[in-house]
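S.K.: My structure file entry-v5.cif, mmCIF, C-alpha atoms, is below:
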data_coords
loop_
_atom_site.label_atom_id
_atom_site.label_comp_id
_atom_site.auth_asym_id
_atom_site.auth_seq_id
_atom_site.Cartn_x
_atom_site.Cartn_y
_atom_site.Cartn_z
CA MET A 1 82.80 22.07 -98.92
CA LYS A 2 85.80 20.77 -97.01
CA PRO A 3 87.75 23.65 -95.42
CA LEU A 4 91.47 23.75 -96.19
CA ARG A 5 94.10 25.41 -93.99
CA TYR A 6 97.66 26.11 -95.07
CA VAL A 7 100.99 27.64 -94.10
CA CYS A 8 103.70 29.30 -96.16
CA LEU A 9 107.17 27.97 -95.40
CA GLY A 10 109.37 30.74 -96.69
CA ALA A 11 107.49 34.01 -96.93
CA GLY A 12 109.17 36.04 -99.66
CA GLY A 13 107.68 37.57 -102.78
CA ILE A 14 106.23 34.40 -104.28
CA ALA A 15 104.15 33.85 -101.13
CA THR A 16 102.21 36.99 -102.07
CA GLN A 17 101.10 35.38 -105.33
CA HIS A 18 100.02 32.20 -103.57
CA THR A 19 98.06 33.94 -100.83
CA SER A 20 96.34 36.21 -103.39
CA LYS A 21 95.28 33.27 -105.56
CA PHE A 22 94.20 31.08 -102.66
CA ALA A 23 92.08 33.99 -101.40
CA GLU A 24 89.98 33.48 -104.54
CA GLU A 25 89.27 29.85 -103.59
CA PRO A 26 86.26 29.19 -101.32
CA ASN A 27 86.91 27.94 -97.80
CA VAL A 28 90.73 28.04 -98.06
CA SER A 29 92.59 30.01 -95.38
CA VAL A 30 96.18 30.74 -94.46
CA VAL A 31 96.98 29.98 -90.82
CA GLY A 32 100.72 30.57 -90.60
CA PHE A 33 103.95 31.94 -92.05
CA GLN A 34 107.52 30.84 -91.47
CA ASP A 35 110.63 32.69 -92.60
CA VAL A 36 114.20 33.29 -91.45
CA SER A 37 113.47 37.04 -91.36
CA PRO A 38 111.54 38.20 -88.26
CA LYS A 39 110.97 41.58 -89.92
CA GLY A 40 109.40 39.92 -92.95
CA LEU A 41 107.18 37.84 -90.70
CA GLN A 42 105.87 40.94 -88.95
CA SER A 43 104.69 42.36 -92.27
CA TRP A 44 102.72 39.15 -92.88
CA LYS A 45 101.23 39.38 -89.37
CA GLN A 46 99.92 42.84 -90.22
CA LYS A 47 98.24 41.48 -93.36
CA PHE A 48 96.88 38.34 -91.66
CA PRO A 49 96.46 39.11 -87.93
CA ALA A 50 94.91 35.70 -87.15
CA ALA A 51 97.82 33.78 -88.68
CA GLU A 52 100.68 32.39 -86.58
CA ILE A 53 104.26 33.39 -87.40
CA ASP A 54 107.48 31.63 -86.49
CA THR A 55 111.08 31.38 -87.70
CA ASP A 56 111.02 27.66 -86.86
CA PRO A 57 109.07 25.58 -89.43
CA VAL A 58 108.54 22.62 -87.10
CA ALA A 59 107.18 24.89 -84.37
CA LEU A 60 104.80 26.53 -86.83
CA LEU A 61 103.59 23.19 -88.20
CA THR A 62 103.05 21.88 -84.68
CA LYS A 63 101.03 24.93 -83.64
CA THR A 64 98.86 25.21 -86.72
CA LYS A 65 98.42 21.57 -87.89
CA PRO A 66 97.62 22.66 -91.48
CA ASP A 67 96.25 20.54 -94.29
CA PHE A 68 99.04 21.63 -96.62
CA ALA A 69 102.20 23.67 -96.82
CA ILE A 70 103.46 25.87 -99.64
CA ILE A 71 107.25 25.85 -100.03
CA CYS A 72 108.09 29.45 -100.97
CA SER A 73 111.71 29.54 -99.80
CA PRO A 74 114.93 29.91 -101.79
CA ASN A 75 115.70 26.67 -103.60
CA ILE A 76 118.33 25.54 -101.09
CA ALA A 77 115.64 25.01 -98.43
CA HIS A 78 113.08 23.14 -100.57
CA ILE A 79 114.15 19.66 -99.51
CA ASP A 80 114.33 20.43 -95.79
CA LEU A 81 111.02 22.26 -95.62
CA THR A 82 109.25 19.69 -97.81
CA LYS A 83 110.38 16.80 -95.62
CA LYS A 84 109.38 18.65 -92.45
CA ALA A 85 105.93 19.41 -93.88
CA LEU A 86 105.40 15.81 -95.00
CA ALA A 87 106.50 14.53 -91.58
CA ALA A 88 103.89 16.81 -90.03
CA GLY A 89 101.16 15.21 -92.14
CA CYS A 90 100.84 17.95 -94.75
CA HIS A 91 100.36 17.80 -98.49
CA VAL A 92 102.99 19.92 -100.24
CA LEU A 93 102.85 22.56 -102.96
CA CYS A 94 106.47 23.31 -103.86
CA GLU A 95 107.89 26.11 -105.94
CA LYS A 96 110.09 25.29 -108.91
CA PRO A 97 112.77 24.19 -109.54
CA MET A 98 111.94 21.32 -107.22
CA ALA A 99 115.40 21.12 -105.65
CA MET A 100 119.07 22.01 -105.94
CA THR A 101 120.03 18.60 -107.33
CA LEU A 102 118.46 15.48 -108.79
CA ASP A 103 119.35 13.47 -105.67
CA GLU A 104 117.45 15.98 -103.52
CA ALA A 105 114.41 15.77 -105.78
CA LEU A 106 114.43 11.97 -105.60
CA ASP A 107 114.72 12.14 -101.80
CA MET A 108 111.71 14.48 -101.67
CA GLU A 109 109.63 12.03 -103.70
CA LYS A 110 110.72 9.18 -101.45
CA ALA A 111 109.53 11.15 -98.42
CA ARG A 112 106.26 11.99 -100.17
CA ARG A 113 105.54 8.33 -100.91
CA LYS A 114 106.31 7.39 -97.31
CA ALA A 115 103.93 10.05 -96.03
CA ASN A 116 101.28 9.12 -98.64
CA LYS A 117 100.59 12.78 -99.39
CA PHE A 118 100.22 14.80 -102.57
CA GLY A 119 103.29 16.56 -103.93
CA PHE A 120 102.58 19.35 -106.41
CA ILE A 121 105.13 21.47 -108.32
CA ASN A 122 104.11 25.01 -109.26
CA PHE A 123 104.44 24.74 -113.04
CA SER A 124 101.96 27.59 -113.30
CA TYR A 125 101.95 27.87 -117.10
CA ARG A 126 99.99 24.64 -117.29
CA TYR A 127 97.00 26.82 -116.37
CA PHE A 128 97.67 29.47 -119.00
CA THR A 129 94.71 29.12 -121.37
CA ALA A 130 96.68 29.59 -124.60
CA PHE A 131 99.15 26.87 -123.58
CA ARG A 132 96.28 24.52 -122.75
CA PHE A 133 94.62 25.20 -126.10
CA ALA A 134 97.93 24.53 -127.86
CA ARG A 135 97.99 21.17 -126.09
CA GLU A 136 94.48 20.44 -127.30
CA ILE A 137 95.49 21.16 -130.90
CA VAL A 138 98.55 18.91 -130.67
CA ARG A 139 96.63 16.08 -128.98
CA LEU A 140 93.96 16.16 -131.70
CA GLY A 141 96.71 15.66 -134.28
CA GLU A 142 96.11 18.95 -136.09
CA LEU A 143 99.85 19.62 -136.46
CA GLY A 144 100.56 16.07 -137.57
CA ARG A 145 103.81 14.48 -136.44
CA ILE A 146 105.77 16.87 -134.21
CA GLN A 147 109.11 17.78 -135.79
CA ARG A 148 110.52 20.77 -133.91
CA MET A 149 109.99 23.21 -131.07
CA ASN A 150 111.46 26.68 -130.60
CA ILE A 151 111.02 28.04 -127.10
CA SER A 152 112.31 31.22 -125.47
CA TYR A 153 111.69 32.77 -122.08
CA LEU A 154 113.18 36.25 -121.70
CA GLN A 155 113.10 38.72 -118.82
CA SER A 156 115.01 41.86 -117.87
CA PHE A 157 114.54 42.22 -114.12
CA LEU A 158 117.85 40.77 -112.89
CA GLY A 159 119.81 42.83 -115.39
CA ALA A 160 118.30 46.21 -114.59
CA GLU A 161 120.45 48.47 -112.41
CA ALA A 162 117.35 49.42 -110.43
CA THR A 163 116.93 45.81 -109.31
CA PRO A 164 119.17 44.93 -106.33
CA TYR A 165 121.15 41.74 -105.84
CA THR A 166 118.98 38.90 -104.52
CA TRP A 167 119.34 35.27 -103.50
CA ARG A 168 118.57 34.39 -107.14
CA ASN A 169 122.05 35.72 -108.00
CA ASP A 170 123.75 33.33 -105.55
CA VAL A 171 124.34 29.81 -106.85
CA THR A 172 124.73 28.43 -103.32
CA LEU A 173 121.13 29.44 -102.56
CA ALA A 174 119.49 29.05 -105.97
CA GLY A 175 121.47 26.23 -107.58
CA PHE A 176 120.81 27.73 -111.00
CA GLY A 177 120.09 31.09 -112.59
CA ALA A 178 117.95 31.58 -115.67
CA MET A 179 118.49 27.93 -116.60
CA GLY A 180 116.70 26.73 -113.46
CA ASP A 181 114.34 29.59 -112.70
CA LEU A 182 112.93 29.94 -116.23
CA GLY A 183 114.37 26.87 -117.93
CA VAL A 184 112.24 24.46 -115.90
CA HIS A 185 109.10 26.22 -117.14
CA MET A 186 110.27 25.77 -120.74
CA ILE A 187 111.19 22.12 -120.22
CA ASP A 188 107.87 21.35 -118.55
CA ALA A 189 105.75 23.30 -121.05
CA ALA A 190 107.36 21.55 -124.02
CA SER A 191 106.54 18.10 -122.66
CA TYR A 192 103.14 19.18 -121.31
CA ILE A 193 101.92 20.58 -124.62
CA THR A 194 103.33 17.88 -126.89
CA ASP A 195 103.61 14.76 -124.67
CA GLU A 196 107.15 14.40 -126.07
CA LYS A 197 109.67 12.70 -123.77
CA PRO A 198 113.24 14.11 -123.53
CA LEU A 199 116.00 11.72 -124.59
CA ARG A 200 119.23 13.74 -124.55
CA LEU A 201 120.38 17.34 -124.43
CA VAL A 202 123.29 19.72 -124.78
CA GLY A 203 123.64 23.27 -123.53
CA VAL A 204 125.69 26.32 -122.61
CA ALA A 205 125.22 28.98 -119.95
CA GLN A 206 126.79 32.36 -119.24
CA THR A 207 127.00 34.90 -116.45
CA LEU A 208 126.85 38.19 -118.35
CA ILE A 209 126.53 40.46 -115.31
CA PRO A 210 129.47 39.76 -112.99
CA THR A 211 128.33 41.94 -110.08
CA LYS A 212 125.23 43.69 -108.74
CA LYS A 213 124.63 46.10 -105.88
CA ASP A 214 122.64 44.81 -102.95
CA ILE A 215 120.00 46.87 -101.13
CA LYS A 216 122.80 48.55 -99.11
CA GLY A 217 124.67 49.59 -102.26
CA LYS A 218 127.49 47.08 -101.85
CA GLN A 219 128.71 45.25 -104.95
CA GLN A 220 128.10 41.50 -104.80
CA LYS A 221 129.40 38.82 -107.15
CA VAL A 222 126.79 37.14 -109.36
CA THR A 223 127.48 33.40 -109.37
CA THR A 224 124.40 32.11 -111.22
CA ASP A 225 123.94 31.95 -114.97
CA THR A 226 122.04 34.88 -116.47
CA ASN A 227 121.67 33.40 -119.97
CA ALA A 228 121.34 29.80 -121.15
CA SER A 229 120.71 28.05 -124.46
CA PHE A 230 120.18 24.35 -125.01
CA LEU A 231 118.91 21.68 -127.38
CA ILE A 232 116.74 18.73 -126.40
CA GLN A 233 116.25 15.72 -128.63
CA TYR A 234 113.04 13.84 -127.83
CA GLU A 235 112.37 10.11 -128.07
CA SER A 236 110.33 10.65 -131.24
CA GLY A 237 113.28 12.38 -132.93
CA ALA A 238 111.83 15.89 -132.60
CA ILE A 239 114.31 18.62 -131.67
CA GLY A 240 113.63 21.50 -129.29
CA THR A 241 115.74 24.66 -129.22
CA PHE A 242 115.59 26.71 -126.02
CA GLU A 243 116.85 30.16 -125.04
CA THR A 244 116.40 31.91 -121.72
CA SER A 245 117.70 35.04 -120.05
CA GLN A 246 116.91 37.18 -117.03
CA VAL A 247 118.87 40.21 -118.26
CA ILE A 248 117.59 41.23 -121.72
CA PRO A 249 116.58 44.94 -121.66
CA GLY A 250 112.99 45.59 -122.60
CA TYR A 251 111.57 42.16 -121.85
CA GLY A 252 109.07 41.83 -119.04
CA ASN A 253 107.88 38.23 -118.95
CA ASN A 254 108.02 36.96 -122.53
CA PHE A 255 107.51 33.19 -122.72
CA HIS A 256 107.21 32.24 -126.40
CA ILE A 257 106.58 28.77 -127.81
CA GLU A 258 106.50 27.70 -131.46
CA ILE A 259 105.73 24.09 -132.32
CA SER A 260 105.62 22.62 -135.82
CA GLY A 261 104.66 19.27 -137.26
CA ASP A 262 104.35 17.95 -140.78
CA ARG A 263 100.82 19.39 -141.04
CA GLY A 264 101.14 22.77 -139.41
CA VAL A 265 102.67 25.18 -136.92
CA LEU A 266 101.41 27.09 -133.88
CA ARG A 267 102.71 29.92 -131.71
CA VAL A 268 101.71 30.95 -128.20
CA CYS A 269 103.10 33.68 -125.97
CA SER A 270 102.59 34.59 -122.32
CA GLU A 271 101.94 38.21 -123.34
CA THR A 272 99.04 37.40 -125.69
CA GLY A 273 97.12 35.00 -123.51
CA ASP A 274 93.74 35.18 -125.24
CA HIS A 275 95.07 34.27 -128.68
CA ILE A 276 97.00 31.57 -130.49
CA SER A 277 98.71 31.83 -133.88
CA LEU A 278 98.03 28.86 -136.11
CA TYR A 279 98.53 27.39 -139.56
CA ALA A 280 97.36 23.79 -139.59
CA GLY A 281 95.69 21.15 -141.70
CA LYS A 282 96.24 19.13 -144.84
CA SER A 283 95.09 21.82 -147.27
CA LEU A 284 97.38 24.50 -145.85
CA SER A 285 100.43 22.26 -145.55
CA PHE A 286 99.93 20.97 -149.12
CA TYR A 287 101.46 24.19 -150.49
CA ASP A 288 105.09 25.07 -150.07
CA THR A 289 105.26 28.78 -149.18
CA TRP A 290 103.30 31.00 -146.83
CA ASN A 291 104.01 34.40 -145.31
CA ILE A 292 104.66 33.11 -141.80
CA GLU A 293 105.62 36.55 -140.49
CA ASN A 294 101.91 37.31 -140.35
CA PHE A 295 100.43 34.26 -138.69
CA PRO A 296 96.67 34.62 -138.25
CA GLN A 297 95.78 35.10 -134.59
CA ILE A 298 92.84 33.05 -133.42
CA SER A 299 90.92 33.92 -130.27
CA ILE A 300 90.73 31.09 -127.75
CA PRO A 301 87.14 29.78 -127.94
CA SER A 302 85.19 30.85 -124.87
CA GLY A 303 83.68 27.36 -124.71
CA PHE A 304 87.19 26.00 -124.20
CA LYS A 305 88.41 28.78 -121.92
CA ASN A 306 85.45 28.56 -119.57
CA ARG A 307 86.06 24.85 -118.97
CA GLN A 308 89.70 25.25 -117.92
CA PRO A 309 91.13 25.56 -114.40
CA LYS A 310 92.45 29.06 -113.90
CA SER A 311 95.39 28.53 -111.56
CA THR A 312 97.69 26.22 -109.66
CA GLN A 313 95.81 27.12 -106.51
CA GLU A 314 92.41 26.13 -107.92
CA VAL A 315 93.70 22.75 -109.09
CA PHE A 316 95.48 22.05 -105.81
CA ALA A 317 92.33 22.80 -103.78
CA ARG A 318 90.25 20.58 -106.05
CA LEU A 319 92.84 17.80 -105.76
CA LEU A 320 92.84 17.89 -101.95
CA ARG A 321 89.04 17.76 -101.94
CA GLY A 322 89.15 14.42 -103.73
CA GLU A 323 88.63 15.39 -107.35
CA LYS A 324 90.34 13.32 -110.04
CA ILE A 325 92.31 16.01 -111.84
CA GLU A 326 95.59 16.14 -113.70
CA TYR A 327 98.33 18.10 -111.95
CA PRO A 328 102.14 18.62 -112.06
CA SER A 329 103.43 16.05 -109.59
CA PHE A 330 106.79 15.52 -107.95
CA ASP A 331 107.50 13.10 -110.82
CA ASP A 332 107.15 16.03 -113.25
CA GLY A 333 109.49 18.05 -111.06
CA ILE A 334 111.98 15.20 -111.12
CA LEU A 335 111.90 15.03 -114.93
CA ALA A 336 112.73 18.73 -115.12
CA GLN A 337 115.47 18.18 -112.54
CA ARG A 338 116.91 15.35 -114.66
CA CYS A 339 117.11 17.77 -117.56
CA LEU A 340 118.84 20.42 -115.43
CA ASN A 341 121.26 17.79 -114.14
CA GLY A 342 121.91 16.74 -117.74
CA LEU A 343 122.62 20.32 -118.76
CA LEU A 344 125.23 20.64 -116.02
CA ASP A 345 126.83 17.38 -117.19
CA SER A 346 126.71 18.59 -120.78
CA MET A 347 128.48 21.85 -119.96
CA LYS A 348 131.07 20.04 -117.88
CA ASP A 349 131.83 17.45 -120.57
CA LYS A 350 131.14 19.73 -123.57
CA ALA A 351 129.02 16.96 -125.08
CA TRP A 352 125.47 15.64 -125.29
CA ALA A 353 124.11 14.19 -122.07
CA ASN A 354 121.44 11.50 -121.77
CA ILE A 355 118.39 12.24 -119.60
#
Go ahead and express the file in the form of structure tokens.

M.R.:
Amino acid sequence: MKPLRYVCLGAGGIATQHTSKFAEEPNVSVVGFQDVSPKGLQSWKQKFPAAEIDTDPVALLTKTKPDFAIICSPNIAHIDLTKKALAAGCHVLCEKPMAMTLDEALDMEKARRKANKFGFINFSYRYFTAFRFAREIVRLGELGRIQRMNISYLQSFLGAEATPYTWRNDVTLAGFGAMGDLGVHMIDAASYITDEKPLRLVGVAQTLIPTKKDIKGKQQKVTTDTNASFLIQYESGAIGTFETSQVIPGYGNNFHIEISGDRGVLRVCSETGDHISLYAGKSLSFYDTWNIENFPQISIPSGFKNRQPKSTQEVFARLLRGEKIEYPSFDDGILAQRCLNGLLDSMKDKAWANI
């Protein structure tokens, strides 16, 4: 099996998830970490003594000559680190959202094509078994013609007083708040599960927590949105309603999707990953009233589950080893970025925006 070596460019919290998952993949090893924080790099050196560390990404890439780079930095650095990695001959696995702006995302894809390397966006919910089974149901036509989607993604962590101010609260570093951090997952999952193509959208966003204390106890201004709601109309005519927040008390990581067609309806949720709620088929939809508050929960068939890739990291390793496998490309990241760009235009003009 071909060995694969990688570096993390940006070594914050998300790098922990990547290194943990890649540790489960055979013959994949981390050989370096880059970050602007020397103190943070030292903690990585303790965990991975054989890995190189450097605050300079080009120096690290030159020393290690990895097969691929994971872009784990704040969003503002995605374009710079991606282009440096591609120039060094690396494939790229980039965190979402892909960039700060649509123009940046397009520039990243241009650089990827020039380098002739893979560009992969970490839309991790594509490897959530319930979401993949929902896609199977839709693709087999069991819901009939898709009519509507209702999607919410709610968290509490940036609203809790115990959570300090982070770069995710700074629009100059993140570009977006909940709308970009969680909204891109919703946008991608809707199209991934249904194959529907966005046509136009309209949205609103709010900053409901004006300040937060940083780790030193100093109050900092929150400049990103904390809540966002939007509508997307798809080319088929289907309508999607979306709500996201990072500051709703009591929610951990609740990503909920309901999709209905003229022959049925399904529900999936990130917190009930082994089940899917489903009413579907001609006989059920023939009648006009059901008690939908008590959807029957169906266990994901083990025969389906066992055939699915389990993670972004598994799929990326298989891709680099030459397997023909579907994956979220830079083009998928660009589509999500077009939607984010459209939402900003919509809020500015207080009108629908075309994708």

S.K.: Show which residues sit within 9 Å of A:Met1, as a PDB file with C-alpha atoms, in the coordinates of the input. Count only C-alpha atoms, and ignore same-chain residues fewer than 4 positions away.

M.R.:
ATOM      1  CA  PRO A  26      86.260  29.190-101.320  1.00  0.00           C
ATOM      2  CA  ASN A  27      86.910  27.940 -97.800  1.00  0.00           C
ATOM      3  CA  ARG A 321      89.040  17.760-101.940  1.00  0.00           C
TER       4      ARG A 321
END

S.K.: Compile the contact shell of A:Ala162 as a list in words: residues with an atom at most 12 Å away, counting all atoms listed in the file, same-chain residues fewer than 2 positions apart removed.

M.R.: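 In the requested format, the answer is Ser156, Phe157, Leu158, Gly159, Ala160, Pro164, Tyr165, Lys212, Lys213, Asp214, Ile215 and Gly217 of chain A.
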
S.K.: Quick one: residues within 10 Å of A:Pro301, all atoms listed in the file counted, chain neighbours fewer than 5 positions away excluded, as a list in words?

M.R.: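 My list of contacting residues is Phe133, Asp274, His275 and Asn306 of chain A.
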
S.K.: List the residues matched by the PyMOL selection byres ((chain A and resi 298) around 8) in the displayed structure as a VMD selection string, ordered by chain and then by residue number.

M.R.: chain A and resid 275 to 278 296 to 297 299 to 300

S.K.: Would you mind exporting C-alpha atoms of the selected residues as an mmCIF file, in the frame of the given file?

M.R.:
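The new file result-v3.cif reads:
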data_model
loop_
_atom_site.group_PDB
_atom_site.id
_atom_site.type_symbol
_atom_site.label_atom_id
_atom_site.label_comp_id
_atom_site.auth_asym_id
_atom_site.auth_seq_id
_atom_site.Cartn_x
_atom_site.Cartn_y
_atom_site.Cartn_z
ATOM 1 C CA HIS A 275 95.070 34.270 -128.680
ATOM 2 C CA ILE A 276 97.000 31.570 -130.490
ATOM 3 C CA SER A 277 98.710 31.830 -133.880
ATOM 4 C CA LEU A 278 98.030 28.860 -136.110
ATOM 5 C CA PRO A 296 96.670 34.620 -138.250
ATOM 6 C CA GLN A 297 95.780 35.100 -134.590
ATOM 7 C CA SER A 299 90.920 33.920 -130.270
ATOM 8 C CA ILE A 300 90.730 31.090 -127.750
#

S.K.: Which of these residues is nearest to A:Ala105, using all atoms listed in the file: A:Ala87, A:Cys8, A:Val315, A:Ile79?

M.R.: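 That would be A:Ile79, the residue with the smallest distance to A:Ala105.
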
S.K.: Near A:Ser270, within 9 Å and counting all atoms listed in the file, which residues show up once chain neighbours fewer than 5 positions away are dropped, as number ranges by chain?

M.R.: A: 125, 128, 130-131, 253-257

S.K.: Which one is closest to A:Thr163: A:Lys197, A:Gln246, A:Ser229, A:Ala51? Count all atoms listed in the file.

M.R.: A:Gln246

S.K.: Applied to the shown file, which residues does the PyMOL selection byres ((chain A and resi 178) around 6) return, written as a list in words?

M.R.: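 Residues picked by the PyMOL selection byres ((chain A and resi 178) around 6): Gly177, Met179, Gly180, Asp181, Leu182, Thr226, Asn227, Ser245 and Gln246 of chain A.
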
S.K.: Tell me which residues the PyMOL selection byres ((chain A and resi 344) around 12) grabs here, as a tab-separated table (two decimals) with C-alpha atoms, in the frame of the given file.

M.R.:
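So out35.tsv came out as:
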chain	number	residue	atom	x	y	z
A	100	MET	CA	119.07	22.01	-105.94
A	101	THR	CA	120.03	18.60	-107.33
A	102	LEU	CA	118.46	15.48	-108.79
A	175	GLY	CA	121.47	26.23	-107.58
A	176	PHE	CA	120.81	27.73	-111.00
A	179	MET	CA	118.49	27.93	-116.60
A	180	GLY	CA	116.70	26.73	-113.46
A	201	LEU	CA	120.38	17.34	-124.43
A	202	VAL	CA	123.29	19.72	-124.78
A	203	GLY	CA	123.64	23.27	-123.53
A	204	VAL	CA	125.69	26.32	-122.61
A	205	ALA	CA	125.22	28.98	-119.95
A	225	ASP	CA	123.94	31.95	-114.97
A	228	ALA	CA	121.34	29.80	-121.15
A	230	PHE	CA	120.18	24.35	-125.01
A	337	GLN	CA	115.47	18.18	-112.54
A	338	ARG	CA	116.91	15.35	-114.66
A	339	CYS	CA	117.11	17.77	-117.56
A	340	LEU	CA	118.84	20.42	-115.43
A	341	ASN	CA	121.26	17.79	-114.14
A	342	GLY	CA	121.91	16.74	-117.74
A	343	LEU	CA	122.62	20.32	-118.76
A	345	ASP	CA	126.83	17.38	-117.19
A	346	SER	CA	126.71	18.59	-120.78
A	347	MET	CA	128.48	21.85	-119.96
A	348	LYS	CA	131.07	20.04	-117.88
A	349	ASP	CA	131.83	17.45	-120.57
A	350	LYS	CA	131.14	19.73	-123.57
A	351	ALA	CA	129.02	16.96	-125.08
A	352	TRP	CA	125.47	15.64	-125.29
A	353	ALA	CA	124.11	14.19	-122.07
A	354	ASN	CA	121.44	11.50	-121.77
A	355	ILE	CA	118.39	12.24	-119.60

S.K.: Contacts of A:Leu41 at 12 Å or less, counting all atoms listed in the file, minus same-chain residues fewer than 3 places along, as a count of residues only?

M.R.: 25

S.K.: Can you rebuild stretch 70-82 of chain A with N, CA and C atoms and give it as a tab-separated table (two decimals), keeping the file's coordinate frame?

M.R.:
chain	number	residue	atom	x	y	z
A	70	ILE	N	102.89	25.36	-98.40
A	70	ILE	CA	103.46	25.87	-99.64
A	70	ILE	C	104.92	26.18	-99.38
A	71	ILE	N	105.81	25.62	-100.19
A	71	ILE	CA	107.25	25.85	-100.03
A	71	ILE	C	107.63	27.03	-100.90
A	72	CYS	N	107.83	28.18	-100.27
A	72	CYS	CA	108.09	29.45	-100.97
A	72	CYS	C	109.51	29.97	-100.70
A	73	SER	N	110.36	29.13	-100.20
A	73	SER	CA	111.71	29.54	-99.80
A	73	SER	C	112.66	29.59	-100.99
A	74	PRO	N	113.88	30.14	-100.81
A	74	PRO	CA	114.93	29.91	-101.79
A	74	PRO	C	115.13	28.41	-102.01
A	75	ASN	N	115.63	28.06	-103.18
A	75	ASN	CA	115.70	26.67	-103.60
A	75	ASN	C	116.48	25.78	-102.63
A	76	ILE	N	117.48	26.34	-101.96
A	76	ILE	CA	118.33	25.54	-101.09
A	76	ILE	C	117.53	24.90	-99.95
A	77	ALA	N	116.41	25.52	-99.56
A	77	ALA	CA	115.64	25.01	-98.43
A	77	ALA	C	114.46	24.12	-98.84
A	78	HIS	N	114.25	23.92	-100.12
A	78	HIS	CA	113.08	23.14	-100.57
A	78	HIS	C	113.04	21.75	-99.96
A	79	ILE	N	114.17	21.05	-100.00
A	79	ILE	CA	114.15	19.66	-99.51
A	79	ILE	C	113.87	19.61	-98.02
A	80	ASP	N	114.51	20.47	-97.25
A	80	ASP	CA	114.33	20.43	-95.79
A	80	ASP	C	112.90	20.78	-95.40
A	81	LEU	N	112.36	21.83	-95.98
A	81	LEU	CA	111.02	22.26	-95.62
A	81	LEU	C	109.97	21.27	-96.12
A	82	THR	N	110.18	20.69	-97.29
A	82	THR	CA	109.25	19.69	-97.81
A	82	THR	C	109.20	18.48	-96.89
